[in-house]
file run_16.cif (mmCIF, C-alpha atoms)
data_coords
loop_
_atom_site.label_atom_id
_atom_site.label_comp_id
_atom_site.auth_asym_id
_atom_site.auth_seq_id
_atom_site.Cartn_x
_atom_site.Cartn_y
_atom_site.Cartn_z
CA MET A 477 21.95 -60.90 -85.19
CA THR A 478 24.83 -63.25 -86.03
CA ALA A 479 24.57 -66.10 -88.53
CA ASP A 480 25.36 -68.59 -85.75
CA ARG A 481 22.50 -67.31 -83.68
CA LEU A 482 20.14 -67.58 -86.65
CA ASP A 483 21.37 -71.11 -87.34
CA ALA A 484 20.63 -72.05 -83.75
CA THR A 485 17.18 -70.44 -83.87
CA PHE A 486 16.16 -72.16 -87.10
CA ALA A 487 17.63 -75.51 -86.07
CA ALA A 488 15.66 -75.26 -82.84
CA LEU A 489 12.46 -74.48 -84.75
CA ALA A 490 12.96 -77.43 -87.12
CA ASP A 491 11.52 -79.95 -84.64
CA PRO A 492 7.76 -80.39 -84.02
CA THR A 493 8.17 -81.18 -80.31
CA ARG A 494 10.23 -78.03 -79.78
CA ARG A 495 7.67 -75.94 -81.64
CA ALA A 496 4.94 -77.42 -79.44
CA ILE A 497 6.99 -76.55 -76.34
CA LEU A 498 7.40 -72.96 -77.55
CA ALA A 499 3.69 -72.76 -78.31
CA ARG A 500 2.91 -73.99 -74.77
CA LEU A 501 5.28 -71.41 -73.25
CA THR A 502 3.49 -68.56 -75.03
CA SER A 503 0.67 -68.99 -72.51
CA GLY A 504 3.06 -68.68 -69.55
CA GLN A 505 6.05 -70.30 -67.87
CA ALA A 506 5.98 -74.01 -67.01
CA SER A 507 8.10 -76.65 -65.25
CA VAL A 508 9.71 -79.54 -67.10
CA THR A 509 7.08 -81.89 -65.65
CA GLU A 510 4.28 -79.66 -66.89
CA LEU A 511 5.88 -79.36 -70.29
CA ALA A 512 6.36 -83.12 -70.60
CA ALA A 513 2.74 -83.91 -69.65
CA PRO A 514 1.12 -83.55 -73.13
CA PHE A 515 3.86 -85.61 -74.84
CA ALA A 516 4.33 -89.38 -74.99
CA MET A 517 7.94 -88.71 -74.10
CA SER A 518 10.17 -89.16 -71.07
CA GLN A 519 11.27 -86.15 -69.03
CA PRO A 520 14.92 -86.63 -70.06
CA ALA A 521 13.82 -86.49 -73.72
CA ILE A 522 11.93 -83.26 -73.05
CA SER A 523 14.93 -81.88 -71.13
CA LYS A 524 17.09 -82.55 -74.20
CA HIS A 525 14.73 -80.51 -76.37
CA LEU A 526 14.71 -77.76 -73.75
CA LYS A 527 18.51 -77.64 -73.83
CA VAL A 528 18.41 -77.02 -77.59
CA LEU A 529 15.87 -74.24 -77.08
CA GLU A 530 17.96 -72.74 -74.26
CA ARG A 531 21.13 -72.79 -76.35
CA ALA A 532 19.21 -70.97 -79.08
CA GLY A 533 18.21 -68.39 -76.50
CA LEU A 534 14.53 -69.12 -77.08
CA VAL A 535 13.86 -70.39 -73.57
CA SER A 536 15.27 -69.40 -70.19
CA ARG A 537 15.01 -70.79 -66.65
CA GLY A 538 13.26 -69.09 -63.79
CA ARG A 539 14.77 -68.71 -60.31
CA GLU A 540 12.35 -70.79 -58.21
CA ALA A 541 14.71 -73.43 -56.79
CA GLN A 542 12.50 -76.49 -57.07
CA ARG A 543 10.45 -75.95 -60.21
CA ARG A 544 12.98 -74.06 -62.32
CA PRO A 545 10.14 -73.00 -64.60
CA ARG A 546 11.01 -72.41 -68.25
CA ARG A 547 9.83 -69.32 -70.01
CA LEU A 548 9.83 -68.06 -73.57
CA GLU A 549 12.39 -65.49 -74.66
CA ALA A 550 10.76 -63.46 -77.40
CA LYS A 551 13.82 -61.57 -78.68
CA PRO A 552 15.48 -64.25 -80.85
CA LEU A 553 12.09 -65.06 -82.42
CA SER A 554 11.43 -61.45 -83.28
CA GLU A 555 14.99 -61.08 -84.61
CA ALA A 556 14.50 -64.17 -86.77
CA THR A 557 11.16 -62.84 -88.01
CA LYS A 558 12.73 -59.54 -89.00
CA TRP A 559 15.52 -61.33 -90.77
CA LEU A 560 13.09 -63.62 -92.61
CA GLU A 561 10.93 -60.69 -93.59
CA ARG A 562 13.96 -59.07 -95.13
CA TYR A 563 14.61 -62.16 -97.16
CA ARG A 564 10.99 -62.64 -98.13
CA ARG A 565 11.13 -59.08 -99.38
CA TYR A 566 14.02 -60.19 -101.62
CA TRP A 567 11.65 -62.49 -103.54
CA GLU A 568 8.80 -60.01 -103.37
CA GLY A 569 11.24 -57.48 -104.85
CA ASN A 570 12.20 -59.85 -107.67
CA TYR A 571 8.58 -60.48 -108.54
CA GLU A 572 7.62 -56.82 -108.34
CA ARG A 573 10.38 -56.01 -110.83
CA LEU A 574 9.01 -58.83 -113.00
CA ASP A 575 5.49 -57.33 -112.72
CA ALA A 576 6.82 -54.04 -114.07
CA LEU A 577 8.72 -55.78 -116.87
CA LEU A 578 5.63 -57.78 -117.88
CA GLU A 579 3.56 -54.58 -118.06
CA GLU A 580 6.17 -53.15 -120.40
CA LEU A 581 6.21 -56.31 -122.54
CA LYS A 582 2.41 -56.35 -122.73
CA GLY A 583 2.47 -52.75 -123.95
CA LYS A 584 5.03 -53.57 -126.63
CA GLN A 585 3.07 -56.62 -127.75
CA LYS A 586 -0.12 -54.58 -128.12
CA LYS A 587 1.72 -51.99 -130.20
CA ARG A 588 3.22 -54.66 -132.43
CA GLY A 589 -0.19 -56.34 -132.78
CA SER A 590 -1.93 -53.10 -133.80
CA THR A 591 0.71 -52.06 -136.35
CA LYS A 592 0.50 -55.49 -137.98
CA ARG A 593 -3.24 -55.26 -138.41
CA MET B 129 -6.23 -74.13 -100.97
CA GLN B 130 -7.18 -70.60 -101.84
CA ASN B 131 -7.74 -69.70 -105.42
CA THR B 132 -4.75 -67.59 -106.31
CA VAL B 133 -5.22 -67.57 -110.07
CA ASN B 134 -7.13 -64.32 -110.17
CA LYS B 135 -5.07 -62.67 -107.53
CA THR B 136 -1.68 -61.26 -108.38
CA GLY B 137 0.99 -59.97 -106.09
CA LYS B 138 0.82 -62.53 -103.28
CA LEU B 139 3.75 -64.85 -102.77
CA GLN B 140 2.87 -68.20 -101.21
CA VAL B 141 5.43 -70.55 -99.71
CA THR B 142 4.66 -74.21 -98.98
CA THR B 143 6.46 -77.49 -98.29
CA PRO B 144 4.78 -80.20 -100.44
CA SER B 145 7.08 -82.95 -99.09
CA ASP B 146 10.06 -83.26 -96.75
CA ARG B 147 12.47 -82.80 -99.66
CA GLU B 148 10.70 -79.88 -101.34
CA ILE B 149 10.08 -76.16 -101.02
CA ALA B 150 7.55 -74.49 -103.30
CA MET B 151 6.74 -70.85 -104.05
CA THR B 152 3.63 -69.69 -105.91
CA ARG B 153 2.99 -66.27 -107.37
CA ALA B 154 0.43 -64.95 -109.87
CA PHE B 155 1.31 -62.42 -112.57
CA ASP B 156 -0.99 -60.23 -114.59
CA ALA B 157 0.28 -61.36 -118.00
CA PRO B 158 -0.17 -64.24 -120.45
CA ARG B 159 2.16 -67.14 -119.79
CA ALA B 160 4.08 -66.81 -123.07
CA LEU B 161 5.36 -63.47 -121.74
CA VAL B 162 6.08 -64.81 -118.28
CA PHE B 163 7.91 -67.78 -119.80
CA ASP B 164 10.04 -65.41 -121.89
CA ALA B 165 10.84 -63.28 -118.84
CA TRP B 166 11.91 -66.48 -117.07
CA THR B 167 14.19 -67.78 -119.80
CA LYS B 168 15.58 -64.93 -121.93
CA PRO B 169 18.81 -63.43 -120.57
CA GLU B 170 17.99 -59.87 -121.70
CA LEU B 171 14.74 -60.10 -119.70
CA LEU B 172 16.14 -62.06 -116.71
CA LYS B 173 18.71 -59.30 -116.27
CA ARG B 174 15.87 -56.89 -115.58
CA TRP B 175 14.43 -58.64 -112.53
CA LEU B 176 16.21 -61.68 -111.07
CA GLY B 177 18.34 -60.72 -108.10
CA VAL B 178 19.17 -57.27 -109.48
CA PHE B 179 18.72 -54.91 -106.55
CA GLY B 180 20.83 -52.94 -104.10
CA GLY B 181 23.73 -52.66 -106.53
CA TRP B 182 23.72 -56.34 -107.58
CA THR B 183 23.73 -56.89 -111.34
CA PHE B 184 24.32 -59.83 -113.64
CA ALA B 185 27.98 -60.35 -114.59
CA VAL B 186 27.07 -63.53 -116.49
CA CYS B 187 23.60 -64.56 -117.65
CA GLU B 188 23.68 -67.39 -120.16
CA VAL B 189 20.76 -69.66 -121.00
CA ASP B 190 20.96 -72.47 -123.54
CA LEU B 191 17.27 -73.34 -123.49
CA LYS B 192 17.17 -76.94 -124.72
CA VAL B 193 17.13 -80.34 -123.02
CA GLY B 194 20.72 -80.98 -121.95
CA GLY B 195 21.56 -77.28 -122.38
CA MET B 196 23.14 -75.33 -119.52
CA TYR B 197 22.39 -72.07 -117.80
CA ARG B 198 24.85 -70.00 -115.84
CA TYR B 199 24.17 -66.96 -113.64
CA VAL B 200 26.78 -64.85 -111.88
CA TRP B 201 25.75 -61.79 -109.91
CA ARG B 202 28.21 -59.05 -108.95
CA GLY B 203 27.68 -56.70 -106.05
CA ALA B 204 28.66 -53.05 -105.82
CA ASP B 205 31.68 -54.14 -103.75
CA GLY B 206 32.83 -56.51 -106.51
CA LYS B 207 31.76 -59.66 -104.65
CA GLU B 208 30.36 -62.39 -106.92
CA MET B 209 27.82 -65.16 -106.45
CA GLY B 210 27.39 -67.83 -109.10
CA MET B 211 25.06 -70.70 -109.84
CA GLY B 212 23.96 -72.83 -112.76
CA GLY B 213 22.60 -76.14 -113.98
CA VAL B 214 21.31 -78.25 -116.84
CA PHE B 215 17.84 -78.25 -118.41
CA ARG B 216 16.08 -81.60 -118.17
CA GLU B 217 12.66 -80.75 -119.56
CA ILE B 218 11.28 -77.82 -121.51
CA VAL B 219 7.64 -77.56 -122.51
CA ARG B 220 7.18 -74.05 -123.82
CA PRO B 221 5.39 -72.11 -122.32
CA GLU B 222 4.19 -74.52 -119.62
CA ARG B 223 7.02 -76.15 -117.79
CA ILE B 224 10.78 -76.06 -117.15
CA VAL B 225 12.77 -78.62 -115.19
CA CYS B 226 16.44 -77.98 -114.49
CA THR B 227 19.15 -78.85 -112.00
CA GLU B 228 20.49 -76.18 -109.65
CA LYS B 229 23.91 -75.87 -108.07
CA PHE B 230 25.48 -72.87 -106.37
CA ASP B 231 29.26 -72.37 -106.72
CA GLU B 232 29.58 -72.14 -102.98
CA SER B 233 26.86 -74.61 -102.21
CA TRP B 234 25.64 -74.95 -98.67
CA TYR B 235 23.75 -78.21 -99.28
CA PRO B 236 24.92 -81.62 -100.59
CA GLY B 237 24.01 -82.79 -104.11
CA ASP B 238 22.19 -81.05 -106.93
CA ALA B 239 18.72 -79.72 -106.42
CA VAL B 240 16.07 -80.01 -109.13
CA ASP B 241 13.92 -76.97 -109.91
CA THR B 242 10.52 -77.28 -111.57
CA ALA B 243 8.67 -74.21 -112.79
CA VAL B 244 5.07 -74.65 -113.90
CA PHE B 245 3.20 -71.83 -115.68
CA VAL B 246 -0.62 -71.98 -115.62
CA GLU B 247 -2.64 -69.36 -117.49
CA LYS B 248 -6.23 -68.47 -116.68
CA ALA B 249 -8.12 -65.43 -117.92
CA GLY B 250 -4.92 -63.76 -119.08
CA LYS B 251 -3.16 -64.15 -115.72
CA THR B 252 -0.35 -66.60 -115.10
CA THR B 253 0.34 -68.48 -111.90
CA VAL B 254 3.92 -69.71 -111.56
CA THR B 255 4.81 -72.43 -109.09
CA THR B 256 8.51 -73.06 -108.58
CA THR B 257 9.43 -76.17 -106.64
CA VAL B 258 12.93 -77.04 -105.48
CA LEU B 259 13.50 -80.75 -104.85
CA TYR B 260 16.61 -81.47 -102.79
CA ALA B 261 18.67 -84.67 -103.02
CA SER B 262 17.65 -85.73 -99.52
CA LYS B 263 15.76 -84.57 -96.49
CA ASP B 264 19.16 -83.83 -94.90
CA ALA B 265 20.04 -81.57 -97.82
CA ARG B 266 16.79 -79.67 -97.46
CA ASP B 267 17.23 -79.45 -93.72
CA GLY B 268 20.70 -78.06 -94.43
CA VAL B 269 19.01 -75.35 -96.45
CA LEU B 270 16.85 -74.68 -93.43
CA LYS B 271 19.94 -73.34 -91.69
CA SER B 272 21.12 -71.26 -94.61
CA PRO B 273 20.43 -67.61 -95.27
CA MET B 274 19.23 -68.44 -98.80
CA GLU B 275 15.67 -68.23 -100.03
CA GLY B 276 14.90 -71.93 -99.72
CA GLY B 277 16.05 -71.99 -96.15
CA VAL B 278 14.12 -68.89 -95.40
CA ALA B 279 10.99 -70.21 -97.06
CA LYS B 280 11.04 -73.35 -95.00
CA SER B 281 12.05 -71.58 -91.84
CA TYR B 282 9.32 -69.05 -92.39
CA ASP B 283 6.72 -71.82 -92.37
CA LYS B 284 8.06 -73.14 -89.10
CA LEU B 285 8.24 -69.72 -87.57
CA ALA B 286 4.78 -68.79 -88.81
CA GLU B 287 3.47 -71.92 -87.12
CA VAL B 288 4.95 -70.85 -83.80
CA LEU B 289 3.93 -67.23 -84.14
CA ALA B 290 0.37 -68.17 -85.12
CA SER B 291 -0.02 -69.99 -81.82
CA MET B 292 1.10 -66.98 -79.82
CA PRO B 293 -1.51 -64.79 -78.19
CA ALA B 294 -1.80 -61.33 -79.72
CA ARG B 295 0.25 -58.74 -77.90
CA GLY B 296 0.22 -54.98 -77.99
CA ALA B 297 2.72 -53.50 -80.40
CA LYS B 298 5.84 -52.22 -78.69
#
call {"tool": "encode", "arguments": {"input": "run_16.cif", "output": "C-alpha cells"}}
result
Amino acid sequence: MTADRLDATFAALADPTRRAILARLTSGQASVTELAAPFAMSQPAISKHLKVLERAGLVSRGREAQRRPRRLEAKPLSEATKWLERYRRYWEGNYERLDALLEELKGKQKKRGSTKR
Amino acid sequence: MQNTVNKTGKLQVTTPSDREIAMTRAFDAPRALVFDAWTKPELLKRWLGVFGGWTFAVCEVDLKVGGMYRYVWRGADGKEMGMGGVFREIVRPERIVCTEKFDESWYPGDAVDTAVFVEKAGKTTVTTTVLYASKDARDGVLKSPMEGGVAKSYDKLAEVLASMPARGAK
C-alpha cells in the first residue's frame, strides 16, 4: 500500500460524517438520498463527502443507472488496519523490551539490597 | 474507564482532546525503576526504538529543567532519524514534561510530551500524552506514518470497524 493511499484513507476517516456513512454502508449498499436521510445535511454536502471516500477507494458506485448505489470497498480498510497493526506492534515491541529490562533491573536491585543487609 | 493499574502488558490509546494523543501502559515494576528506564541513556538504548537493526547513534539526556535531550537512531542501511527537545518540568519519579521536535518534522510547531508515572502495589502505570500546537498540527499527524498519527487513526478506524457486522475470516 502506498503512502499516498494511506494518507487518503486516514484523511477520509478523519471526519465523523464520513465514518457514519461508512458505518451505514457496512449493512449494504445505499443511494445518495438514502445516505443523506439520517443527516441534517444537504445532498450536495453528502455527495462531497462521498467523493472523498471514493477518491480514497473506500466507496464505489453501483451500475444501476438511476440510483447509482454506493457500496463499501473493504480492501483499503483492511490494508490500513494491517498497516496500523504493524505500527502498534512497534510500540508494543518497545514496551515489551522495557518489560524485560525492568525485570533485569528488579533482579539487580534485589541482589544489591540483600548484600547490603 | 477500566482499571489498568493491576494489569500489565496492555497498551491503551486515547484522544483526551482535539490537540492530544495519549498512550497508557502498565509495567510490573516500581516507578523509580520505570522512571530510570525512561530517562537514563544507558537504559533507553535497551528499549526505545531499537529493533530490526535500528540502534541509537546519539542518546543524550540532560535531565534538568531547561536541559535538552537528543536522540538519533541509525538503521542497518545507515539511514538516520533524529529528534529532541527541552525539559520543562521534572518531578522525579512522578512526572516529566518536555518539548518534542523531529528533525524532519511532519507537523508544524513543537509538541509537548507529558509522562506521568503512577505506582500502585508495586506496578507502575505510565501515561504519555502528546499535546500538539494546534488541532491542524495534530490532524497533520493523523496523516503521518508516525506513532501519533497511527494512534489517532487507529481510534478512528476502530470506530468504523466496531460498527461493521462480523464476517467469516477469509
call {"tool": "closest_atom_pairs", "arguments": {"input": "run_16.cif", "of": "chain A", "to": "chain B", "cutoff": "6 Å", "atoms": "all atoms listed in the file", "output": "tab-separated table"}}
result
residue	atom	partner	partner_atom	distance
A:Asp483	CA	B:Lys271	CA	5.1
A:Ala499	CA	B:Ser291	CA	5.8
A:Thr502	CA	B:Met292	CA	5.6
A:Asn570	CA	B:Trp175	CA	5.5
A:Arg573	CA	B:Trp175	CA	5.1
A:Leu574	CA	B:Trp175	CA	5.4
call {"tool": "resolve_selection", "arguments": {"input": "run_16.cif", "expression": "the PyMOL selection byres ((chain A and resi 535-549) around 10)", "output": "PyMOL selection string"}}
result
chain A and resi 497-511+526-534+550-554
call {"tool": "write_last_selection", "arguments": {"input": "run_16.cif", "atoms": "C-alpha atoms", "output": "compact mmCIF listing (two decimals), keeping the file's coordinate frame"}}
result
# COMPACT_ATOMS: atom_id res chain seq x y z
CA ILE A 497 6.99 -76.55 -76.34
CA LEU A 498 7.40 -72.96 -77.55
CA ALA A 499 3.69 -72.76 -78.31
CA ARG A 500 2.91 -73.99 -74.77
CA LEU A 501 5.28 -71.41 -73.25
CA THR A 502 3.49 -68.56 -75.03
CA SER A 503 0.67 -68.99 -72.51
CA GLY A 504 3.06 -68.68 -69.55
CA GLN A 505 6.05 -70.30 -67.87
CA ALA A 506 5.98 -74.01 -67.01
CA SER A 507 8.10 -76.65 -65.25
CA VAL A 508 9.71 -79.54 -67.10
CA THR A 509 7.08 -81.89 -65.65
CA GLU A 510 4.28 -79.66 -66.89
CA LEU A 511 5.88 -79.36 -70.29
CA LEU A 526 14.71 -77.76 -73.75
CA LYS A 527 18.51 -77.64 -73.83
CA VAL A 528 18.41 -77.02 -77.59
CA LEU A 529 15.87 -74.24 -77.08
CA GLU A 530 17.96 -72.74 -74.26
CA ARG A 531 21.13 -72.79 -76.35
CA ALA A 532 19.21 -70.97 -79.08
CA GLY A 533 18.21 -68.39 -76.50
CA LEU A 534 14.53 -69.12 -77.08
CA ALA A 550 10.76 -63.46 -77.40
CA LYS A 551 13.82 -61.57 -78.68
CA PRO A 552 15.48 -64.25 -80.85
CA LEU A 553 12.09 -65.06 -82.42
CA SER A 554 11.43 -61.45 -83.28
call {"tool": "closest_residue", "arguments": {"input": "run_16.cif", "among": "B:Val186, B:Val219, B:Ala261, B:Ala160", "to": "Val200 of chain B", "atoms": "only C-alpha atoms"}}
result
B:Val186
call {"tool": "atom_distance", "arguments": {"input": "run_16.cif", "atom1": "atom CA of Ala204 of chain B", "atom2": "atom CA of Glu580 of chain A"}}
result
26.8 Å
call {"tool": "closest_residue", "arguments": {"input": "run_16.cif", "among": "B:Ile149, B:Cys226, B:Gly180, B:Met209", "to": "Gly195 of chain B", "atoms": "only C-alpha atoms"}}
result
B:Cys226
call {"tool": "atom_distance", "arguments": {"input": "run_16.cif", "atom1": "atom CA of Ala239 of chain B", "atom2": "atom CA of Tyr197 of chain B"}}
result
14.2 Å
